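For reference, my_file30.pdb is printed below; it contains PDB, C-alpha atoms, pLDDT in the B column.
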ATOM      1  CA  MET I   1     -69.920 -45.879 -31.855  1.00 77.00           C
ATOM      2  CA  LYS I   2     -69.991 -43.852 -35.047  1.00 87.00           C
ATOM      3  CA  ILE I   3     -71.630 -45.788 -37.871  1.00 92.00           C
ATOM      4  CA  GLU I   4     -70.002 -44.802 -41.120  1.00 94.00           C
ATOM      5  CA  VAL I   5     -70.724 -46.519 -44.429  1.00 96.00           C
ATOM      6  CA  VAL I   6     -68.019 -45.670 -46.948  1.00 97.00           C
ATOM      7  CA  ALA I   7     -67.349 -46.484 -50.595  1.00 97.00           C
ATOM      8  CA  TYR I   8     -65.380 -49.657 -51.276  1.00 97.00           C
ATOM      9  CA  ARG I   9     -61.663 -49.324 -50.543  1.00 97.00           C
ATOM     10  CA  LYS I  10     -59.187 -51.517 -52.394  1.00 96.00           C
ATOM     11  CA  GLU I  11     -56.885 -51.634 -49.338  1.00 97.00           C
ATOM     12  CA  TRP I  12     -59.403 -53.796 -47.455  1.00 98.00           C
ATOM     13  CA  SER I  13     -58.073 -56.903 -49.164  1.00 98.00           C
ATOM     14  CA  ALA I  14     -54.506 -56.116 -48.074  1.00 98.00           C
ATOM     15  CA  GLN I  15     -55.716 -55.397 -44.540  1.00 98.00           C
ATOM     16  CA  PHE I  16     -57.357 -58.825 -44.443  1.00 98.00           C
ATOM     17  CA  ILE I  17     -54.175 -60.533 -45.660  1.00 98.00           C
ATOM     18  CA  SER I  18     -52.078 -58.677 -43.099  1.00 98.00           C
ATOM     19  CA  GLU I  19     -54.392 -59.616 -40.220  1.00 98.00           C
ATOM     20  CA  ARG I  20     -54.637 -63.231 -41.393  1.00 97.00           C
ATOM     21  CA  GLU I  21     -50.835 -63.501 -41.336  1.00 97.00           C
ATOM     22  CA  ARG I  22     -50.647 -61.878 -37.873  1.00 97.00           C
ATOM     23  CA  LEU I  23     -53.109 -64.436 -36.523  1.00 97.00           C
ATOM     24  CA  LYS I  24     -51.319 -67.375 -38.104  1.00 95.00           C
ATOM     25  CA  ALA I  25     -47.950 -66.215 -36.768  1.00 96.00           C
ATOM     26  CA  ALA I  26     -49.160 -65.483 -33.222  1.00 96.00           C
ATOM     27  CA  LEU I  27     -51.467 -68.397 -32.525  1.00 94.00           C
ATOM     28  CA  PRO I  28     -50.178 -71.960 -32.169  1.00 90.00           C
ATOM     29  CA  ILE I  29     -53.395 -73.272 -33.719  1.00 89.00           C
ATOM     30  CA  VAL I  30     -53.980 -75.161 -36.916  1.00 88.00           C
ATOM     31  CA  PHE I  31     -56.347 -73.033 -38.961  1.00 92.00           C
ATOM     32  CA  LEU I  32     -58.125 -75.138 -41.532  1.00 95.00           C
ATOM     33  CA  GLN I  33     -58.913 -71.921 -43.349  1.00 96.00           C
ATOM     34  CA  ILE I  34     -59.166 -68.178 -42.799  1.00 97.00           C
ATOM     35  CA  PHE I  35     -61.597 -66.409 -45.129  1.00 98.00           C
ATOM     36  CA  HIS I  36     -62.272 -62.730 -45.787  1.00 98.00           C
ATOM     37  CA  ILE I  37     -66.034 -62.322 -45.403  1.00 98.00           C
ATOM     38  CA  GLY I  38     -68.483 -59.499 -44.873  1.00 97.00           C
ATOM     39  CA  SER I  39     -68.972 -56.396 -46.938  1.00 97.00           C
ATOM     40  CA  THR I  40     -65.292 -55.454 -47.097  1.00 98.00           C
ATOM     41  CA  SER I  41     -64.648 -58.715 -48.996  1.00 98.00           C
ATOM     42  CA  VAL I  42     -66.911 -57.681 -51.895  1.00 98.00           C
ATOM     43  CA  LYS I  43     -65.353 -55.367 -54.483  1.00 97.00           C
ATOM     44  CA  GLY I  44     -67.561 -52.361 -55.090  1.00 96.00           C
ATOM     45  CA  LEU I  45     -69.748 -52.759 -51.993  1.00 98.00           C
ATOM     46  CA  ALA I  46     -70.067 -49.800 -49.640  1.00 97.00           C
ATOM     47  CA  ALA I  47     -69.366 -50.892 -46.090  1.00 97.00           C
ATOM     48  CA  LYS I  48     -68.494 -49.979 -42.577  1.00 96.00           C
ATOM     49  CA  PRO I  49     -64.666 -50.146 -42.718  1.00 97.00           C
ATOM     50  CA  ILE I  50     -64.435 -53.261 -40.542  1.00 97.00           C
ATOM     51  CA  ILE I  51     -62.534 -56.313 -41.775  1.00 98.00           C
ATOM     52  CA  ASP I  52     -64.458 -59.532 -41.072  1.00 98.00           C
ATOM     53  CA  LEU I  53     -62.514 -62.768 -40.827  1.00 98.00           C
ATOM     54  CA  LEU I  54     -64.007 -66.257 -40.765  1.00 98.00           C
ATOM     55  CA  LEU I  55     -61.745 -68.726 -38.974  1.00 98.00           C
ATOM     56  CA  VAL I  56     -62.378 -72.419 -39.469  1.00 98.00           C
ATOM     57  CA  VAL I  57     -60.611 -74.566 -36.897  1.00 97.00           C
ATOM     58  CA  ASP I  58     -60.464 -78.200 -35.879  1.00 95.00           C
ATOM     59  CA  ASN I  59     -62.030 -77.446 -32.500  1.00 93.00           C
ATOM     60  CA  LEU I  60     -63.066 -74.379 -30.551  1.00 96.00           C
ATOM     61  CA  GLN I  61     -61.173 -75.435 -27.437  1.00 95.00           C
ATOM     62  CA  ASP I  62     -57.939 -74.455 -29.197  1.00 94.00           C
ATOM     63  CA  LEU I  63     -59.282 -70.901 -29.463  1.00 96.00           C
ATOM     64  CA  ASP I  64     -60.544 -70.873 -25.888  1.00 96.00           C
ATOM     65  CA  ASP I  65     -57.131 -72.036 -24.663  1.00 96.00           C
ATOM     66  CA  HIS I  66     -55.435 -69.059 -26.345  1.00 96.00           C
ATOM     67  CA  GLN I  67     -57.672 -66.140 -25.338  1.00 96.00           C
ATOM     68  CA  VAL I  68     -54.677 -64.271 -23.898  1.00 96.00           C
ATOM     69  CA  ILE I  69     -53.013 -64.205 -27.324  1.00 96.00           C
ATOM     70  CA  PHE I  70     -56.153 -62.746 -28.905  1.00 97.00           C
ATOM     71  CA  GLU I  71     -56.135 -60.078 -26.216  1.00 97.00           C
ATOM     72  CA  GLN I  72     -52.433 -59.371 -26.859  1.00 97.00           C
ATOM     73  CA  LEU I  73     -53.318 -58.888 -30.536  1.00 97.00           C
ATOM     74  CA  GLY I  74     -55.843 -56.241 -29.467  1.00 97.00           C
ATOM     75  CA  TYR I  75     -59.019 -58.300 -29.627  1.00 98.00           C
ATOM     76  CA  GLU I  76     -61.848 -58.333 -27.136  1.00 97.00           C
ATOM     77  CA  VAL I  77     -62.895 -61.934 -26.493  1.00 98.00           C
ATOM     78  CA  CYS I  78     -66.707 -62.120 -26.666  1.00 97.00           C
ATOM     79  CA  GLY I  79     -67.489 -65.852 -26.537  1.00 97.00           C
ATOM     80  CA  GLU I  80     -70.394 -67.078 -28.651  1.00 97.00           C
ATOM     81  CA  PHE I  81     -71.966 -63.605 -28.735  1.00 96.00           C
ATOM     82  CA  GLY I  82     -75.429 -64.811 -29.718  1.00 94.00           C
ATOM     83  CA  ILE I  83     -74.552 -67.589 -32.160  1.00 95.00           C
ATOM     84  CA  PRO I  84     -74.137 -71.062 -30.619  1.00 95.00           C
ATOM     85  CA  GLY I  85     -70.900 -72.732 -31.652  1.00 96.00           C
ATOM     86  CA  ARG I  86     -69.172 -69.482 -32.599  1.00 98.00           C
ATOM     87  CA  ARG I  87     -66.272 -67.651 -31.037  1.00 98.00           C
ATOM     88  CA  TYR I  88     -66.438 -63.929 -31.692  1.00 98.00           C
ATOM     89  CA  TYR I  89     -63.625 -61.415 -31.272  1.00 98.00           C
ATOM     90  CA  ARG I  90     -63.584 -57.708 -32.044  1.00 97.00           C
ATOM     91  CA  LYS I  91     -60.789 -55.195 -32.263  1.00 97.00           C
ATOM     92  CA  GLY I  92     -60.720 -51.411 -32.124  1.00 94.00           C
ATOM     93  CA  GLY I  93     -63.169 -50.557 -29.370  1.00 90.00           C
ATOM     94  CA  ASP I  94     -65.924 -48.132 -30.386  1.00 85.00           C
ATOM     95  CA  GLN I  95     -64.284 -47.612 -33.780  1.00 88.00           C
ATOM     96  CA  ARG I  96     -63.952 -51.297 -34.556  1.00 93.00           C
ATOM     97  CA  THR I  97     -61.421 -52.250 -37.242  1.00 97.00           C
ATOM     98  CA  HIS I  98     -61.658 -56.063 -37.290  1.00 98.00           C
ATOM     99  CA  GLN I  99     -63.992 -58.783 -36.155  1.00 98.00           C
ATOM    100  CA  ILE I 100     -63.482 -62.514 -36.158  1.00 98.00           C
ATOM    101  CA  HIS I 101     -66.178 -65.147 -36.464  1.00 98.00           C
ATOM    102  CA  ALA I 102     -64.680 -68.550 -35.651  1.00 98.00           C
ATOM    103  CA  PHE I 103     -66.318 -71.939 -36.068  1.00 98.00           C
ATOM    104  CA  ALA I 104     -65.273 -75.559 -35.854  1.00 97.00           C
ATOM    105  CA  TYR I 105     -65.097 -77.241 -39.263  1.00 97.00           C
ATOM    106  CA  ASN I 106     -68.273 -79.246 -38.630  1.00 96.00           C
ATOM    107  CA  ASN I 107     -70.478 -76.177 -38.129  1.00 97.00           C
ATOM    108  CA  LEU I 108     -71.248 -76.297 -41.833  1.00 94.00           C
ATOM    109  CA  TYR I 109     -74.388 -74.182 -41.774  1.00 95.00           C
ATOM    110  CA  GLU I 110     -72.681 -71.127 -40.284  1.00 96.00           C
ATOM    111  CA  ILE I 111     -69.579 -71.484 -42.443  1.00 97.00           C
ATOM    112  CA  GLU I 112     -71.581 -71.991 -45.651  1.00 95.00           C
ATOM    113  CA  ARG I 113     -73.980 -69.163 -44.788  1.00 96.00           C
ATOM    114  CA  HIS I 114     -71.167 -66.633 -44.552  1.00 97.00           C
ATOM    115  CA  LEU I 115     -69.410 -67.863 -47.678  1.00 97.00           C
ATOM    116  CA  ALA I 116     -72.639 -68.082 -49.683  1.00 97.00           C
ATOM    117  CA  VAL I 117     -73.504 -64.443 -48.996  1.00 98.00           C
ATOM    118  CA  ARG I 118     -69.993 -63.291 -49.839  1.00 98.00           C
ATOM    119  CA  ASP I 119     -69.866 -65.285 -53.085  1.00 97.00           C
ATOM    120  CA  TYR I 120     -73.402 -64.314 -54.088  1.00 97.00           C
ATOM    121  CA  LEU I 121     -72.589 -60.635 -53.688  1.00 98.00           C
ATOM    122  CA  ARG I 122     -69.360 -61.072 -55.636  1.00 97.00           C
ATOM    123  CA  THR I 123     -71.370 -62.312 -58.619  1.00 96.00           C
ATOM    124  CA  HIS I 124     -74.634 -60.323 -58.359  1.00 97.00           C
ATOM    125  CA  THR I 125     -74.022 -56.611 -58.914  1.00 96.00           C
ATOM    126  CA  ASP I 126     -77.732 -55.839 -58.571  1.00 97.00           C
ATOM    127  CA  ALA I 127     -77.694 -57.229 -55.016  1.00 97.00           C
ATOM    128  CA  VAL I 128     -74.539 -55.210 -54.251  1.00 98.00           C
ATOM    129  CA  ALA I 129     -76.270 -51.992 -55.335  1.00 97.00           C
ATOM    130  CA  ARG I 130     -79.394 -52.770 -53.280  1.00 98.00           C
ATOM    131  CA  TYR I 131     -77.356 -53.725 -50.230  1.00 98.00           C
ATOM    132  CA  ALA I 132     -75.271 -50.539 -50.438  1.00 97.00           C
ATOM    133  CA  THR I 133     -78.468 -48.480 -50.499  1.00 97.00           C
ATOM    134  CA  VAL I 134     -79.878 -50.352 -47.492  1.00 98.00           C
ATOM    135  CA  LYS I 135     -76.627 -49.863 -45.572  1.00 97.00           C
ATOM    136  CA  ARG I 136     -76.543 -46.126 -46.250  1.00 97.00           C
ATOM    137  CA  GLU I 137     -80.204 -45.738 -45.281  1.00 97.00           C
ATOM    138  CA  ALA I 138     -79.615 -47.777 -42.116  1.00 96.00           C
ATOM    139  CA  ALA I 139     -76.645 -45.612 -41.142  1.00 95.00           C
ATOM    140  CA  GLU I 140     -78.689 -42.451 -41.650  1.00 95.00           C
ATOM    141  CA  PHE I 141     -81.708 -43.844 -39.815  1.00 94.00           C
ATOM    142  CA  SER I 142     -79.798 -45.290 -36.865  1.00 94.00           C
ATOM    143  CA  GLY I 143     -78.278 -42.117 -35.432  1.00 93.00           C
ATOM    144  CA  ASN I 144     -75.137 -44.150 -34.592  1.00 89.00           C
ATOM    145  CA  ASP I 145     -77.146 -46.736 -32.652  1.00 93.00           C
ATOM    146  CA  ILE I 146     -75.755 -50.118 -33.758  1.00 91.00           C
ATOM    147  CA  GLU I 147     -78.926 -51.931 -32.640  1.00 94.00           C
ATOM    148  CA  LYS I 148     -81.094 -49.688 -34.827  1.00 96.00           C
ATOM    149  CA  TYR I 149     -78.635 -50.086 -37.691  1.00 96.00           C
ATOM    150  CA  GLY I 150     -78.884 -53.882 -37.494  1.00 95.00           C
ATOM    151  CA  ASP I 151     -82.656 -53.866 -37.075  1.00 96.00           C
ATOM    152  CA  PHE I 152     -83.070 -51.633 -40.131  1.00 97.00           C
ATOM    153  CA  LYS I 153     -81.053 -54.047 -42.293  1.00 97.00           C
ATOM    154  CA  GLU I 154     -82.451 -57.273 -40.816  1.00 97.00           C
ATOM    155  CA  THR I 155     -85.208 -58.034 -43.343  1.00 97.00           C
ATOM    156  CA  PHE I 156     -82.963 -57.341 -46.326  1.00 98.00           C
ATOM    157  CA  VAL I 157     -80.090 -59.395 -44.877  1.00 97.00           C
ATOM    158  CA  LYS I 158     -82.345 -62.393 -44.192  1.00 97.00           C
ATOM    159  CA  GLN I 159     -83.659 -62.243 -47.773  1.00 98.00           C
ATOM    160  CA  LEU I 160     -80.091 -61.912 -49.053  1.00 98.00           C
ATOM    161  CA  GLU I 161     -78.954 -64.950 -47.039  1.00 97.00           C
ATOM    162  CA  GLU I 162     -81.878 -67.015 -48.330  1.00 97.00           C
ATOM    163  CA  ALA I 163     -81.171 -66.071 -51.954  1.00 97.00           C
ATOM    164  CA  ALA I 164     -77.450 -66.734 -51.492  1.00 97.00           C
ATOM    165  CA  ILE I 165     -77.925 -70.176 -49.933  1.00 95.00           C
ATOM    166  CA  LYS I 166     -80.378 -71.226 -52.652  1.00 95.00           C
ATOM    167  CA  TRP I 167     -77.985 -69.927 -55.314  1.00 95.00           C
ATOM    168  CA  ARG I 168     -75.080 -71.859 -53.771  1.00 92.00           C
ATOM    169  CA  LEU I 169     -77.129 -75.057 -53.689  1.00 90.00           C
ATOM    170  CA  GLN I 170     -78.145 -74.596 -57.331  1.00 89.00           C
ATOM    171  CA  ILE I 171     -74.500 -74.257 -58.320  1.00 83.00           C
ATOM    172  CA  LYS I 172     -73.674 -77.464 -56.469  1.00 72.00           C
ATOM    173  CA  ALA I 173     -76.675 -79.242 -57.964  1.00 72.00           C
ATOM    174  CA  ASN I 174     -75.536 -78.259 -61.459  1.00 74.00           C
ATOM    175  CA  ASN I 175     -72.060 -79.624 -60.835  1.00 71.00           C
ATOM    176  CA  ASP I 176     -71.842 -83.197 -62.161  1.00 59.00           C
ATOM    177  CA  ASP I 177     -69.432 -84.090 -59.358  1.00 59.00           C
ATOM    178  CA  TYR I 178     -71.865 -83.103 -56.621  1.00 52.00           C
ATOM    179  CA  ARG I 179     -74.244 -85.687 -55.206  1.00 50.00           C
ATOM    180  CA  LEU I 180     -76.499 -85.484 -52.164  1.00 46.00           C
TER
END
Show me the file's structure as structure tokens.
Amino acid sequence: MKIEVVAYRKEWSAQFISERERLKAALPIVFLQIFHIGSTSVKGLAAKPIIDLLLVVDNLQDLDDHQVIFEQLGYEVCGEFGIPGRRYYRKGGDQRTHQIHAFAYNNLYEIERHLAVRDYLRTHTDAVARYATVKREAAEFSGNDIEKYGDFKETFVKQLEEAAIKWRLQIKANNDDYRL
């Protein structure tokens, strides 16, 4: 797998919308929401050109019952793939183009974690610049080894997630309508 980190491309948003509509049309499932997440969802952030989708569904059994449709849409069905309560799908083989992270609505931690990072990056340009640098260094360091790429970024990503979750909670705490 070639690991390529490229400058932000404005067409990523349209690619997300197109794939979201394909999924909604092909799958007889009620999606509570389909979000664009990951680096391609953040304007200005360098990224591997892979569109990440976050599917929120009523229950995961609906997804499991329709694996054949995911395969017909070109996705590899990967099960939980290391995160309990997730269904993971990827498309494009070695040159992946899309990946889906699906959770039931009550898996709030995983859903909020993904959205918090996306929203934090959308509002913190300093974090975007740092993350882009880390991604480029990881790509150079990894020699196209996806494990090395992930390991190189791991410390930064964990710190980013922590900052994003705290930031999201502060926003909610400052909202008069929010109560614990």
Resolved residues for the PyMOL selection byres ((chain I and resi 127) around 12) as a VMD selection string: chain I and resid 39 42 44 to 46 117 to 126 128 to 134 156 to 157 159 to 161 163 to 164
Hits of the PyMOL selection byres ((chain I and resi 151) around 12) in this structure, as a list in words: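 Selected by the PyMOL selection byres ((chain I and resi 151) around 12) here: Val134, Lys135, Glu137, Ala138, Ala139, Phe141, Ser142, Asp145, Ile146, Glu147, Lys148, Tyr149, Gly150, Phe152, Lys153, Glu154, Thr155, Phe156, Val157 and Lys158 of chain I.
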How would the residues just picked look written out with C-alpha atoms as a PDB file, keeping the file's coordinate frame?
ATOM      1  CA  VAL I 134     -79.878 -50.352 -47.492  1.00 98.00           C
ATOM      2  CA  LYS I 135     -76.627 -49.863 -45.572  1.00 97.00           C
ATOM      3  CA  GLU I 137     -80.204 -45.738 -45.281  1.00 97.00           C
ATOM      4  CA  ALA I 138     -79.615 -47.777 -42.116  1.00 96.00           C
ATOM      5  CA  ALA I 139     -76.645 -45.612 -41.142  1.00 95.00           C
ATOM      6  CA  PHE I 141     -81.708 -43.844 -39.815  1.00 94.00           C
ATOM      7  CA  SER I 142     -79.798 -45.290 -36.865  1.00 94.00           C
ATOM      8  CA  ASP I 145     -77.146 -46.736 -32.652  1.00 93.00           C
ATOM      9  CA  ILE I 146     -75.755 -50.118 -33.758  1.00 91.00           C
ATOM     10  CA  GLU I 147     -78.926 -51.931 -32.640  1.00 94.00           C
ATOM     11  CA  LYS I 148     -81.094 -49.688 -34.827  1.00 96.00           C
ATOM     12  CA  TYR I 149     -78.635 -50.086 -37.691  1.00 96.00           C
ATOM     13  CA  GLY I 150     -78.884 -53.882 -37.494  1.00 95.00           C
ATOM     14  CA  PHE I 152     -83.070 -51.633 -40.131  1.00 97.00           C
ATOM     15  CA  LYS I 153     -81.053 -54.047 -42.293  1.00 97.00           C
ATOM     16  CA  GLU I 154     -82.451 -57.273 -40.816  1.00 97.00           C
ATOM     17  CA  THR I 155     -85.208 -58.034 -43.343  1.00 97.00           C
ATOM     18  CA  PHE I 156     -82.963 -57.341 -46.326  1.00 98.00           C
ATOM     19  CA  VAL I 157     -80.090 -59.395 -44.877  1.00 97.00           C
ATOM     20  CA  LYS I 158     -82.345 -62.393 -44.192  1.00 97.00           C
TER      21      LYS I 158
END
Which residue of I:Ile34, I:Leu53, I:Leu115, I:Ala26 approaches Val68 in chain I most closely, using all atoms listed in the file: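 Under the stated criterion, the closest residue is I:Ala26.
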For CA of Val56 in chain I and CA of Arg168 in chain I, the interatomic separation in Å (one decimal): 19.1 Å
Point-to-point distance from CA of Tyr8 in chain I to CA of His98 in chain I, Å rounded to tenths: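 Answer for the CA of Tyr8 in chain I to CA of His98 in chain I separation: 15.8 Å.
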Result set, the PyMOL selection byres ((chain I and resi 29) around 12) on current file, as a PyMOL selection string: chain I and resi 23-28+30-34+55-67+69-70
Separation of CA of Lys166 in chain I from CA of Ile51 in chain I in Å: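 Pair CA of Ile51 in chain I / CA of Lys166 in chain I returns 25.7 Å.
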Proximity to Ala104 in chain I - best of I:Gly85, I:Gly92, I:Gly79, I:Pro49, all atoms listed in the file: I:Gly85
